[in-house]
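Okay, structure first, notes after.
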Amino acid sequence: MLVDSHCHLDFNDFEEDMDDILTRAKESGVTAILDAGNNIGELPNQLKLAERYPFIYTAVGVHPHEAAAYPDITAAEFIKAADHKKIVAIGECGLDYYYDYSPRDVQKKVFAEQIKAAQETGLPLIIHTRDADDDTIALLDEYYRQKPFTGVIHCFSSSRKLAEFALSIGFYISASGIITFNKSQELREIFADVPLERLLVETDAPFLAPCPMRGRRNEPGFVRYTAEKLAQIKDIPFEKLAEITSDNFAKLFRKASDKGRFDY
């Protein structure tokens with residue numbers, strides 16, 4: 001039992017062989033997939049996919065790369081969209097100062113509106129942050145003090161400082177294929193200290209395929225390689241790691257679980 005807690009199956013990379021991809025995911029033990037939001041304008045495509053497959057869930061969000069296209073978007077727009085039963089989170093959202101595809105002030109504004117939406121709906125945030133640890137911490141801290149909310153730092157590749165802050169406010173930390181890369185020893189050391197009850201695994205497909213698939217198009221079934229590496233880091237059996245991370249997914253994304261508030 002595995003869950004790919006973050007990917008982008010609605011991207012056109014997967015149009016031609018979706019059924020084959022999902023068959024391979026099933027063969028790898030994947031029982032649920034979260035197709036994360038990237039651009040609210042593409043939400044209809046995400047919902048089409050999530051409505052077709054009962055084990056695929058989605059989220060509504062604006063990635064920091066896309067923030068410049070939505071400078072005036074409000075929390076109310078995310079809240080309205082999130083009423084759909086297959087939307088289980090707000091995001092992905094956050095700050096990316098590595099590429100700076102959107103002005104930083106606009107990134108902050110759009111991120112803040114999504115935080116407000118998470119506060120209002122009770123849905124978790126999916127956060128993307130790159131080279132922006134201090135500002136990410138500052139924004140999360142500011143709004144958390146006003147009204148607590150929950151979420152995950154997805155595809156975590158940041159500092160120990162950010163990991164410790166995220167854990168201090170009850171967030172989860174998600175491991176991607178990056179933890180399998182040779183150069184990622186420092187990152188593996190951070191994950192060694194993350195409590196088991198706060199861990200998730202993901203692919204971020206089609207990006208960041210884990211070793212030994214590095215260089216190929218990533219897909220949900222490859223989450224098994226990341227989970228195997230994480231189990232090694234945590235020094236527990238793979239089956240136990242898979243069970244824990246799947247349970248954690250259900251606890252965080254409650255709309256995606258029959259253990260939560262919603263009955264489908």
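Chain labels A, B, ... are given in the sequence in which chains occur in the structure tokens; within each chain residues are numbered consecutively from 1, and ligands are likewise numbered from 1 in the order shown.
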Spatial neighbours of Leu139 of chain A, 12 Å, only C-alpha atoms, chain gap at least 6 places, as a PyMOL selection string
chain A and resi 94-95+107-116+127+129+132-133+145-146+165-166
Limited to C-alpha atoms, could you put the picked residues into a file as a PDB file, in the first residue's frame?
ATOM      1  CA  GLY A  94       4.233  29.170  -1.953  1.00  0.00           C
ATOM      2  CA  LEU A  95       7.386  31.029  -2.901  1.00  0.00           C
ATOM      3  CA  GLN A 107       4.135  35.583  -5.018  1.00  0.00           C
ATOM      4  CA  LYS A 108       3.644  36.580  -1.383  1.00  0.00           C
ATOM      5  CA  LYS A 109       0.211  38.077  -2.025  1.00  0.00           C
ATOM      6  CA  VAL A 110      -1.087  35.039  -3.933  1.00  0.00           C
ATOM      7  CA  PHE A 111       0.399  32.691  -1.335  1.00  0.00           C
ATOM      8  CA  ALA A 112      -1.306  34.631   1.461  1.00  0.00           C
ATOM      9  CA  GLU A 113      -4.708  34.321  -0.226  1.00  0.00           C
ATOM     10  CA  GLN A 114      -4.272  30.560  -0.380  1.00  0.00           C
ATOM     11  CA  ILE A 115      -3.293  30.430   3.278  1.00  0.00           C
ATOM     12  CA  LYS A 116      -6.523  32.288   4.051  1.00  0.00           C
ATOM     13  CA  ILE A 127       3.484  24.268  -0.127  1.00  0.00           C
ATOM     14  CA  THR A 129       9.212  26.645  -1.471  1.00  0.00           C
ATOM     15  CA  ALA A 132      12.746  31.272   0.110  1.00  0.00           C
ATOM     16  CA  ASP A 133      12.906  29.624   3.531  1.00  0.00           C
ATOM     17  CA  ARG A 145      -0.716  32.905  14.895  1.00  0.00           C
ATOM     18  CA  GLN A 146      -4.005  34.381  13.663  1.00  0.00           C
ATOM     19  CA  PHE A 165       9.528  25.154  11.884  1.00  0.00           C
ATOM     20  CA  ALA A 166       7.068  23.188   9.749  1.00  0.00           C
TER      21      ALA A 166
END
Write out as a count of residues only the residues lying within 7 Å of Asp204 of chain A, counting only C-alpha atoms and excluding same-chain residues fewer than 5 positions away.
4
Under the rule of at most 12 Å, produce a per-residue listing of segment 113-196 of chain A near segment 77-91 of chain A: chain, number, name, the closest pair of atoms, and the distance in Å, as a tab-separated table, using only C-alpha atoms.
residue	atom	partner	partner_atom	distance
A:Glu113	CA	A:Phe78	CA	8.4
A:Gln114	CA	A:Ile90	CA	6.6
A:Ile115	CA	A:Ile90	CA	8.1
A:Lys116	CA	A:Ile79	CA	9.1
A:Ala117	CA	A:Ile79	CA	5.6
A:Ala118	CA	A:Ile90	CA	6.3
A:Gln119	CA	A:Ile79	CA	9.9
A:Glu120	CA	A:Ile79	CA	7.5
A:Thr121	CA	A:Ile79	CA	6.6
A:Gly122	CA	A:Ala89	CA	8.9
A:Leu123	CA	A:Ala89	CA	5.1
A:Pro124	CA	A:Ala89	CA	5.1
A:Leu125	CA	A:Ile90	CA	4.9
A:Ile126	CA	A:Gly91	CA	4.8
A:Ile127	CA	A:Gly91	CA	6.6
A:His128	CA	A:Gly91	CA	8.5
A:Thr129	CA	A:Gly91	CA	11.8
A:Phe149	CA	A:Ile90	CA	11.3
A:Thr150	CA	A:Ala89	CA	10.1
A:Gly151	CA	A:Ala89	CA	8.4
A:Val152	CA	A:Gly91	CA	10.0
A:Ile153	CA	A:Gly91	CA	10.7
A:His154	CA	A:Gly91	CA	10.2
For segment 19-28 of chain A, please output as a ChimeraX atom specification all residues within 12 Å (counting only C-alpha atoms; exclusion window: fewer than 3 positions along the same chain).
/A:1-4,9,13-16,31-33,49,52-53,55-56,203,205-206,217-228,242
Interatomic distance (Å, one decimal) between atom CA of Ala50 of chain A and atom CA of Gly37 of chain A
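One can read the atom CA of Ala50 of chain A to atom CA of Gly37 of chain A distance as 11.8 Å.
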Considering only C-alpha atoms, return as a list of chain:residue names whatever protein or nucleic-acid residues lie within 9 Å of Phe238 of chain A, sequence-local ones (same chain, fewer than 5 positions apart) excluded.
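Within the cut-off, the hits are A:Ala227, A:Glu228, A:Lys229, A:Leu230, A:Ala231, A:Gln232, A:Glu243.
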Store the residues of this selection in a file with N, CA and C atoms, as a CSV table (one decimal), in the first residue's frame.
chain,number,residue,atom,x,y,z
A,227,ALA,N,10.1,5.5,-1.6
A,227,ALA,CA,9.6,4.9,-0.3
A,227,ALA,C,10.7,3.9,0.2
A,228,GLU,N,11.3,3.2,-0.7
A,228,GLU,CA,12.3,2.2,-0.3
A,228,GLU,C,13.5,2.9,0.2
A,229,LYS,N,13.9,4.0,-0.4
A,229,LYS,CA,15.0,4.8,0.2
A,229,LYS,C,14.7,5.4,1.5
A,230,LEU,N,13.5,5.9,1.7
A,230,LEU,CA,13.1,6.5,2.9
A,230,LEU,C,13.0,5.4,4.0
A,231,ALA,N,12.6,4.3,3.7
A,231,ALA,CA,12.6,3.2,4.7
A,231,ALA,C,14.0,2.8,5.1
A,232,GLN,N,14.9,2.9,4.2
A,232,GLN,CA,16.3,2.6,4.5
A,232,GLN,C,16.8,3.7,5.4
A,243,GLU,N,2.9,1.6,5.0
A,243,GLU,CA,1.7,1.7,5.8
A,243,GLU,C,1.6,3.1,6.5
Hey, which of A:Ile179, A:Ala75, A:Leu187, A:Ile173 ends up closest to Ser159 of chain A? Count only C-alpha atoms.
A:Leu187
